[in-house]
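A.B. asks: Once you've had a glance at the structure underneath, I'll fire off some questions.
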Amino acid sequence: MGTSGRARRTGSTVVLLLTGALLAGCSSAESVPEPTTGPPTGRVTDPASAPASLLAGACEVGLPDAWRSALHKGELRTPAGERAVLTDTGPGWTAVQLTGAKHRRAALMLGRGAPRTLLTLADPVEHQLLAADFDGRRWAAFAVLEGRTLDSPWSLYVWDATTGKARRLARADRPGPLPQPVVRAGTVHWAQGVGGGRATVYAAPAVGGAARALHTGVMDAPFVAGDLLVWRESGSGSGGSGTRLAAVSLTGAAAPAALPGPLAALRDLRSVVSDGTTWAWVEGEAAPRLMVWRAGDARPVAAVATSPAVDGMDQLRISGRLVTWRTPETSYALDLGSGSYARITPAYGYAQARGGALAVAYSVGNPKTAGSRPVIQVVDADRLPGLAACGRR
């Protein structure tokens with residue numbers, strides 16, 4: 001599971017908006033809304049069985065005390081003397097960037113264990129861990145941006161848990177989508193610019209061997225949706241209007257694959273995310289809406305369309321019944337089982353749900369000043385109680 005909502009690298013100089021930048025500004029745990037009173041009645045445990053009408057026009061509710069408690073208990077303990085930045089999370093793992101007085105490293109945390117170093121970055125100031133994926137067993141793939149702007153070159157690495165060593169798999173120095181590597185069945189998938197405003201989706205064996213090109217076009221980074229590798233592509237080749245979804249199968253020979261339900265006919269959607277059963281995306285520019293479609297639904301529904309939750313909505317993630325996203329001010333979670341959503345981080349916080357995990361990151365105090373403290377919390381998303389249903393706030 002992933003998203004095509006990451007920024008696209010262009011030839012112009014752009015201010016870097018990585019996860020670390022999301023921690024800019026003063027925030028504290030007390031700025032999260034007060035919890036809702038009353039039981040979350042009306043919630044459907046299985047989001048796939050929830051009627052579409054439950055999601056249409058979802059309401060905002062407060063964050064339950066049980067969520068606050070679980071997040072507090074789920075705070076990751078990183079080594080003293082290193083500042084942590086959340087990069088990605090998944091079932092049983094969290095990828096973080098750890099910066100010390102004279103070093104910076106990419107690291108993988110398995111459960112509550114100590115961070116395992118993926119790579120010590122060559123430049124502890126300029127280089128930044130951008131994205132990561134782990135198959136839960138042996139192979140991790142991660143991307144390092146080699147500069148402070150989105151048009152900087154980047155390198156993609158693969159790490160072997162059995163040896164603890166990483167090797168560079170690819171390097172990109174042309175404009176194109178920012179990397180979001182995908183590791184499945186011993187194969188690493190990614191996209192990188194090849195010139196002329198186009199990018200190619202590649203697949204390479206993690207153990208070593210030549211990469212093969214799967215598709216070339218004007219596209220965003222691919223993401224996993226069940227047994228599909230999906231990306232957003234410009235049908236006109238202009239990179240502007242007329243964008244659509246395309247996919248290949250992750251099984252067999254990676255042949256072009258059909259998209260389920262109404263998804264193939266959708267145009268001009270962005271920040272698409274899926275777990276293979278539920279799909280979510282942002283639709284509309286002047287009046288953005290969070291759209292949701294689940295297998296079996298007749299049509300997509302507009303779940304969230306109210307400011308400020310939709311203002312600058314980006315970086316959607318999904319895990320089970322939860323869809324998370326961020327805005328320039330904070331992050332939210334939509335509960336598909338209750339048809340309600342809540343703000344789940346303090347100001348400028350970052351959140352993502354993926355593969356059964358919910359991770360949030362924020363700073364207590366201004367991270368640019370002495371005395372601030374970065375906080376990363378990771379919990380089992382499936383064990384969180386449902387948000388209060390609309391009408392029970």
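Chain lettering (A, B, ...) mirrors the order of the structure tokens, residue numbering begins at 1 for each chain separately, and ligand numbering begins at 1 in order of display.
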Could you pull the residues within 10 Å of Pro260 (chain A), counting only C-alpha atoms, minus those fewer than 2 positions along the same chain, as a list in words?

C.D. replies: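 So the residues in contact are Ala257, Ala258, Pro262, Leu263, Ala264, Gly276, Thr277, Arg294, Ala295 and Gly296 of chain A.
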
A.B. asks: Which neighbours of Thr87 (chain A) fall inside 6 Å, counting only C-alpha atoms, when residues of the same chain fewer than 4 positions from it are skipped, and could you give them as an MDAnalysis selection string?

C.D. replies: chainID A and resid 95:96 131

A.B. asks: Those selected residues, please, written with all heavy atoms and delivered as a PDB file, in the first residue's frame.

C.D. replies:
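See result_27.pdb below for the written result:
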```pdb
ATOM      1  N   ALA A  95      10.387   2.977   9.701  1.00  0.00           N
ATOM      2  CA  ALA A  95      11.628   3.526   9.156  1.00  0.00           C
ATOM      3  C   ALA A  95      11.785   4.959   9.645  1.00  0.00           C
ATOM      4  O   ALA A  95      10.855   5.757   9.557  1.00  0.00           O
ATOM      5  CB  ALA A  95      11.624   3.486   7.633  1.00  0.00           C
ATOM      6  N   VAL A  96      12.964   5.274  10.174  1.00  0.00           N
ATOM      7  CA  VAL A  96      13.217   6.592  10.735  1.00  0.00           C
ATOM      8  C   VAL A  96      14.574   7.108  10.264  1.00  0.00           C
ATOM      9  O   VAL A  96      15.458   6.335   9.886  1.00  0.00           O
ATOM     10  CB  VAL A  96      13.186   6.580  12.274  1.00  0.00           C
ATOM     11  CG1 VAL A  96      11.799   6.247  12.791  1.00  0.00           C
ATOM     12  CG2 VAL A  96      14.217   5.600  12.838  1.00  0.00           C
ATOM     13  N   ALA A 131      11.996   7.845   1.710  1.00  0.00           N
ATOM     14  CA  ALA A 131      10.918   6.855   1.692  1.00  0.00           C
ATOM     15  C   ALA A 131      11.517   5.481   1.919  1.00  0.00           C
ATOM     16  O   ALA A 131      12.715   5.264   1.691  1.00  0.00           O
ATOM     17  CB  ALA A 131      10.170   6.886   0.353  1.00  0.00           C
TER      18      ALA A 131
END
```

A.B. asks: Please compute the CA of Gly339 (chain A)-CA of Cys59 (chain A) distance, one decimal, in Å.

C.D. replies: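 CA of Cys59 (chain A) lies 7.1 Å from CA of Gly339 (chain A).
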
A.B. asks: Please provide as a VMD selection string all residues within 12 Å of Ala246 (chain A), with the sequence filter that same-chain residues fewer than 5 positions apart are discarded (counting only C-alpha atoms).

C.D. replies: chain A and resid 4 201 214 to 225 228 to 235 255 to 260 263 to 267 272

A.B. asks: Please, could you write that set of residues out with N, CA, C and O atoms as a short mmCIF file (atom, residue, chain, number, x, y, z; two decimals), in the first residue's frame?

C.D. replies:
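And here is the file that came out, selection.cif:
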```cif
data_model
loop_
_atom_site.label_atom_id
_atom_site.label_comp_id
_atom_site.auth_asym_id
_atom_site.auth_seq_id
_atom_site.Cartn_x
_atom_site.Cartn_y
_atom_site.Cartn_z
N SER A 4 0.21 7.90 -4.51
CA SER A 4 0.83 8.67 -5.56
C SER A 4 0.81 10.14 -5.26
O SER A 4 1.03 10.97 -6.12
N VAL A 201 8.69 2.88 -14.84
CA VAL A 201 8.52 1.98 -13.71
C VAL A 201 9.46 0.80 -13.91
O VAL A 201 9.42 0.14 -14.96
N LEU A 214 9.01 -1.76 -16.86
CA LEU A 214 7.64 -2.25 -16.98
C LEU A 214 6.74 -1.31 -17.78
O LEU A 214 5.85 -1.75 -18.48
N HIS A 215 7.01 -0.01 -17.67
CA HIS A 215 6.15 0.97 -18.36
C HIS A 215 6.83 2.32 -18.33
O HIS A 215 7.52 2.66 -17.38
N THR A 216 6.62 3.12 -19.39
CA THR A 216 7.14 4.47 -19.47
C THR A 216 6.01 5.43 -19.82
O THR A 216 5.19 5.14 -20.70
N GLY A 217 5.96 6.57 -19.13
CA GLY A 217 4.93 7.56 -19.39
C GLY A 217 5.14 8.77 -18.50
O GLY A 217 6.14 8.88 -17.79
N VAL A 218 4.18 9.69 -18.53
CA VAL A 218 4.19 10.85 -17.63
C VAL A 218 3.40 10.44 -16.40
O VAL A 218 2.17 10.36 -16.45
N MET A 219 4.08 10.16 -15.32
CA MET A 219 3.42 9.47 -14.21
C MET A 219 3.95 9.89 -12.85
O MET A 219 5.00 10.54 -12.74
N ASP A 220 3.21 9.49 -11.81
CA ASP A 220 3.65 9.60 -10.43
C ASP A 220 4.28 8.28 -10.00
O ASP A 220 4.27 7.29 -10.74
N ALA A 221 4.79 8.26 -8.77
CA ALA A 221 5.37 7.03 -8.22
C ALA A 221 4.28 5.98 -8.05
O ALA A 221 3.15 6.29 -7.68
N PRO A 222 4.59 4.70 -8.30
CA PRO A 222 3.58 3.65 -8.14
C PRO A 222 3.36 3.28 -6.68
O PRO A 222 4.20 3.53 -5.83
N PHE A 223 2.21 2.66 -6.42
CA PHE A 223 1.88 2.18 -5.08
C PHE A 223 1.18 0.83 -5.21
O PHE A 223 0.70 0.46 -6.28
N VAL A 224 1.12 0.10 -4.10
CA VAL A 224 0.52 -1.23 -4.09
C VAL A 224 -0.95 -1.13 -3.71
O VAL A 224 -1.32 -0.43 -2.77
N ALA A 225 -1.78 -1.86 -4.44
CA ALA A 225 -3.20 -2.01 -4.12
C ALA A 225 -3.54 -3.48 -4.26
O ALA A 225 -3.91 -3.94 -5.33
N LEU A 228 -2.02 -5.47 -7.21
CA LEU A 228 -1.73 -4.55 -8.31
C LEU A 228 -0.67 -3.54 -7.92
O LEU A 228 -0.57 -3.12 -6.77
N LEU A 229 0.13 -3.15 -8.90
CA LEU A 229 1.02 -2.00 -8.79
C LEU A 229 0.37 -0.90 -9.63
O LEU A 229 0.21 -1.05 -10.84
N VAL A 230 0.00 0.19 -8.97
CA VAL A 230 -0.84 1.22 -9.59
C VAL A 230 -0.11 2.55 -9.60
O VAL A 230 0.66 2.84 -8.68
N TRP A 231 -0.35 3.35 -10.62
CA TRP A 231 0.19 4.70 -10.65
C TRP A 231 -0.79 5.63 -11.36
O TRP A 231 -1.69 5.19 -12.07
N ARG A 232 -0.59 6.92 -11.14
CA ARG A 232 -1.39 7.95 -11.80
C ARG A 232 -0.60 8.45 -12.99
O ARG A 232 0.57 8.78 -12.87
N GLU A 233 -1.23 8.51 -14.15
CA GLU A 233 -0.54 8.83 -15.39
C GLU A 233 -1.33 9.84 -16.21
O GLU A 233 -2.56 9.85 -16.19
N SER A 234 -0.61 10.69 -16.92
CA SER A 234 -1.25 11.65 -17.81
C SER A 234 -1.61 10.96 -19.12
O SER A 234 -0.73 10.50 -19.85
N GLY A 235 -2.92 10.92 -19.42
CA GLY A 235 -3.36 10.30 -20.67
C GLY A 235 -2.99 11.12 -21.87
O GLY A 235 -2.80 10.60 -22.97
N ALA A 255 2.05 -8.12 -16.11
CA ALA A 255 1.31 -7.69 -17.29
C ALA A 255 0.34 -6.57 -16.93
O ALA A 255 -0.10 -6.45 -15.78
N PRO A 256 -0.02 -5.71 -17.90
CA PRO A 256 -1.05 -4.68 -17.65
C PRO A 256 -2.31 -5.31 -17.09
O PRO A 256 -2.73 -6.39 -17.51
N ALA A 257 -2.91 -4.65 -16.11
CA ALA A 257 -4.06 -5.22 -15.40
C ALA A 257 -5.21 -4.23 -15.37
O ALA A 257 -5.01 -3.00 -15.38
N ALA A 258 -6.42 -4.77 -15.32
CA ALA A 258 -7.62 -3.94 -15.24
C ALA A 258 -7.82 -3.46 -13.81
O ALA A 258 -7.52 -4.16 -12.85
N LEU A 259 -8.33 -2.25 -13.69
CA LEU A 259 -8.65 -1.69 -12.38
C LEU A 259 -10.07 -2.06 -11.99
O LEU A 259 -10.94 -2.21 -12.86
N PRO A 260 -10.33 -2.23 -10.72
CA PRO A 260 -11.67 -2.67 -10.30
C PRO A 260 -12.71 -1.55 -10.38
O PRO A 260 -12.39 -0.36 -10.31
N LEU A 263 -12.93 2.68 -11.13
CA LEU A 263 -11.67 3.39 -11.02
C LEU A 263 -11.03 3.71 -12.37
O LEU A 263 -10.40 4.75 -12.55
N ALA A 264 -11.21 2.82 -13.34
CA ALA A 264 -10.59 3.03 -14.65
C ALA A 264 -11.15 4.27 -15.34
O ALA A 264 -10.46 4.90 -16.15
N ALA A 265 -12.39 4.62 -15.05
CA ALA A 265 -13.03 5.76 -15.72
C ALA A 265 -12.75 7.09 -15.02
O ALA A 265 -13.09 8.15 -15.57
N LEU A 266 -12.13 7.08 -13.85
CA LEU A 266 -11.90 8.31 -13.10
C LEU A 266 -10.79 9.13 -13.76
O LEU A 266 -9.82 8.58 -14.31
N ARG A 267 -10.92 10.46 -13.69
CA ARG A 267 -9.92 11.36 -14.24
C ARG A 267 -9.61 12.46 -13.23
O ARG A 267 -10.45 12.85 -12.43
N VAL A 272 -3.90 9.25 -4.49
CA VAL A 272 -4.66 8.00 -4.46
C VAL A 272 -3.98 6.99 -3.53
O VAL A 272 -2.75 6.90 -3.47
#
```

A.B. asks: Work out how far CA of Trp93 (chain A) is from CA of Ser319 (chain A), in Å to one decimal.

C.D. replies: 14.3 Å

A.B. asks: How close does each residue of region 278-346 of chain A get to region 64-74 of chain A, giving the shortest atom pair and distance in Å to one decimal for every residue with an atom at most 10 Å away, counting only C-alpha atoms, sorted by chain and residue number, as CSV?

C.D. replies:
```
residue,atom,partner,partner_atom,distance
A:Ala342,CA,A:Pro64,CA,9.2
A:Ile344,CA,A:Trp67,CA,8.7
A:Thr345,CA,A:Arg68,CA,9.9
```

A.B. asks: Based on DSSP run over this structure's backbone, return all residues of region 144-382 of chain A in strand (DSSP E or B), as an MDAnalysis selection string.

C.D. replies: chainID A and resid 144:146 149 154:160 165:172 177 182:184 187:195 198:205 212:217 219 223:225 228:234 243:249 256 269:274 278:283 289:294 301:304 314:319 322:326 331:335 340:343 350:354 357:364 373:380

A.B. asks: Suppose we keep C-alpha atoms; can you now write the selection as a compact mmCIF listing (two decimals), in the first residue's frame?

C.D. replies:
```txt
# COMPACT_ATOMS: atom_id res chain seq x y z
CA VAL A 144 17.95 8.98 0.01
CA LEU A 145 17.57 12.50 -1.36
CA GLU A 146 21.01 13.99 -1.94
CA THR A 149 15.41 20.60 -2.68
CA TRP A 154 18.38 10.66 -5.20
CA SER A 155 19.65 7.13 -4.74
CA LEU A 156 17.68 3.95 -4.11
CA TYR A 157 19.16 1.25 -1.89
CA VAL A 158 18.23 -2.30 -0.97
CA TRP A 159 19.10 -3.69 2.48
CA ASP A 160 19.45 -7.34 3.44
CA LYS A 165 24.34 -4.53 4.51
CA ALA A 166 22.90 -2.16 1.91
CA ARG A 167 23.78 -1.66 -1.74
CA ARG A 168 22.75 1.01 -4.19
CA LEU A 169 20.16 -0.20 -6.67
CA ALA A 170 19.60 2.95 -8.73
CA ARG A 171 20.37 6.66 -8.90
CA ALA A 172 18.21 9.36 -10.46
CA PRO A 177 8.53 11.42 -9.54
CA VAL A 182 7.72 -1.08 -3.17
CA VAL A 183 9.09 -4.47 -2.03
CA ARG A 184 7.03 -7.51 -2.90
CA THR A 187 11.37 -7.72 -6.02
CA VAL A 188 11.84 -3.96 -5.68
CA HIS A 189 9.62 -1.67 -7.76
CA TRP A 190 10.11 2.06 -8.29
CA ALA A 191 9.79 4.85 -10.87
CA GLN A 192 12.37 7.41 -11.94
CA GLY A 193 12.65 10.13 -14.56
CA VAL A 194 14.16 9.21 -17.92
CA GLY A 195 14.01 12.61 -19.64
CA ARG A 198 8.63 11.00 -18.71
CA ALA A 199 9.39 8.31 -16.13
CA THR A 200 9.79 4.55 -16.21
CA VAL A 201 8.52 1.98 -13.71
CA TYR A 202 11.25 -0.55 -12.97
CA ALA A 203 11.38 -3.93 -11.22
CA ALA A 204 14.61 -5.51 -9.96
CA PRO A 205 15.38 -8.61 -7.89
CA ARG A 212 13.61 -4.43 -16.20
CA ALA A 213 11.37 -1.64 -17.43
CA LEU A 214 7.64 -2.25 -16.98
CA HIS A 215 6.15 0.97 -18.36
CA THR A 216 7.14 4.47 -19.47
CA GLY A 217 4.93 7.56 -19.39
CA MET A 219 3.42 9.47 -14.21
CA PHE A 223 1.88 2.18 -5.08
CA VAL A 224 0.52 -1.23 -4.09
CA ALA A 225 -3.20 -2.01 -4.12
CA LEU A 228 -1.73 -4.55 -8.31
CA LEU A 229 1.02 -2.00 -8.79
CA VAL A 230 -0.84 1.22 -9.59
CA TRP A 231 0.19 4.70 -10.65
CA ARG A 232 -1.39 7.95 -11.80
CA GLU A 233 -0.54 8.83 -15.39
CA SER A 234 -1.25 11.65 -17.81
CA THR A 243 -4.72 12.08 -15.55
CA ARG A 244 -5.93 8.54 -14.99
CA LEU A 245 -4.93 5.37 -13.15
CA ALA A 246 -3.01 2.51 -14.73
CA ALA A 247 -1.80 -0.79 -13.26
CA VAL A 248 0.21 -3.95 -13.74
CA SER A 249 -0.16 -7.22 -11.90
CA PRO A 256 -1.05 -4.68 -17.65
CA LEU A 269 -7.81 12.49 -9.11
CA ARG A 270 -4.78 12.84 -6.84
CA SER A 271 -3.21 11.41 -3.68
CA VAL A 272 -4.66 8.00 -4.46
CA VAL A 273 -4.28 5.21 -1.90
CA SER A 274 -5.64 1.67 -1.54
CA THR A 278 -10.85 0.21 -0.20
CA TRP A 279 -9.68 3.12 -2.35
CA ALA A 280 -9.43 6.77 -1.32
CA TRP A 281 -8.35 9.89 -3.19
CA VAL A 282 -8.72 13.66 -3.38
CA GLU A 283 -10.98 15.10 -6.05
CA ARG A 289 -13.24 16.31 -1.40
CA LEU A 290 -11.98 13.08 0.11
CA MET A 291 -13.54 10.33 -1.99
CA VAL A 292 -13.92 6.69 -0.94
CA TRP A 293 -14.85 3.61 -2.96
CA ARG A 294 -14.96 0.01 -1.69
CA VAL A 301 -18.85 8.75 -2.15
CA ALA A 302 -17.58 12.12 -0.95
CA ALA A 303 -16.69 11.34 2.65
CA VAL A 304 -15.07 14.61 3.75
CA ASP A 314 -2.44 15.39 0.88
CA GLN A 315 -0.45 12.24 1.69
CA LEU A 316 -3.37 9.88 2.14
CA ARG A 317 -2.71 6.49 3.74
CA ILE A 318 -5.01 3.58 4.54
CA SER A 319 -5.07 0.65 6.95
CA LEU A 322 -8.73 4.03 8.85
CA VAL A 323 -7.83 6.58 6.19
CA THR A 324 -5.32 9.21 7.29
CA TRP A 325 -4.20 12.43 5.64
CA ARG A 326 -2.34 15.61 6.43
CA SER A 331 -3.35 15.39 10.39
CA TYR A 332 -6.68 13.55 10.46
CA ALA A 333 -8.08 10.02 10.48
CA LEU A 334 -11.38 8.91 8.95
CA ASP A 335 -13.04 5.86 10.53
CA SER A 340 -16.64 10.13 11.28
CA TYR A 341 -13.17 11.65 11.41
CA ALA A 342 -10.93 13.29 14.00
CA ARG A 343 -7.80 15.37 14.23
CA TYR A 350 2.19 14.04 10.55
CA ALA A 351 0.28 10.74 10.55
CA GLN A 352 0.06 7.65 8.39
CA ALA A 353 -1.82 4.37 8.56
CA ARG A 354 -0.42 1.37 6.74
CA ALA A 357 0.02 0.28 11.90
CA LEU A 358 -0.85 3.88 12.75
CA ALA A 359 2.12 6.22 13.23
CA VAL A 360 2.07 9.87 14.24
CA ALA A 361 4.93 12.34 14.58
CA TYR A 362 5.09 15.83 15.99
CA SER A 363 7.38 18.14 17.91
CA VAL A 364 6.94 19.31 21.47
CA ARG A 373 11.59 17.13 21.55
CA PRO A 374 10.48 15.07 18.53
CA VAL A 375 7.78 12.51 19.29
CA ILE A 376 7.00 9.40 17.21
CA GLN A 377 4.17 7.11 18.30
CA VAL A 378 3.23 3.82 16.63
CA VAL A 379 0.21 1.69 17.54
CA ASP A 380 -1.76 -1.28 16.24
```

A.B. asks: Please report the interatomic distance between CA of Ala389 (chain A) and CA of Ser338 (chain A) in Å with one decimal.

C.D. replies: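 Between CA of Ala389 (chain A) and CA of Ser338 (chain A) the gap is 4.9 Å.
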
A.B. asks: Where does DSSP see helix (DSSP H, G or I) in region 21-222 of chain A, if you list the residues as a ChimeraX atom specification?

C.D. replies: /A:21-22,29-31,47-49,52-55,65-73

A.B. asks: When distances are computed from only C-alpha atoms, which of A:Met313, A:Leu387, A:Leu108, A:Ala114 shows the smallest separation from Leu86 (chain A)?

C.D. replies: A:Leu108

A.B. asks: Counting only C-alpha atoms, which residue out of A:Gly113, A:Gly147, A:Ala106, A:Thr330 sits closest to Val125 (chain A)?

C.D. replies: A:Gly147

A.B. asks: Measuring atom to atom with only C-alpha atoms, identify which of A:Pro328, A:Gly176, A:Gly111, A:Gly261 is nearest to Pro300 (chain A).

C.D. replies: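 For Pro300 (chain A), the nearest of the given residues is A:Gly261.
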
A.B. asks: Restricting the calculation to only C-alpha atoms, which member of A:Asp297, A:Ala122, A:Gly391, A:Thr78 is positioned closest to Ala58 (chain A)?

C.D. replies: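 Closest to Ala58 (chain A), using only C-alpha atoms: A:Gly391.
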
A.B. asks: Please list as a PyMOL selection string every residue within 12 Å of Arg105 (chain A), counting only C-alpha atoms and excluding residues in the same chain fewer than 3 positions away.

C.D. replies: chain A and resi 82-85+95-102+108+115-125+127-130+142+144
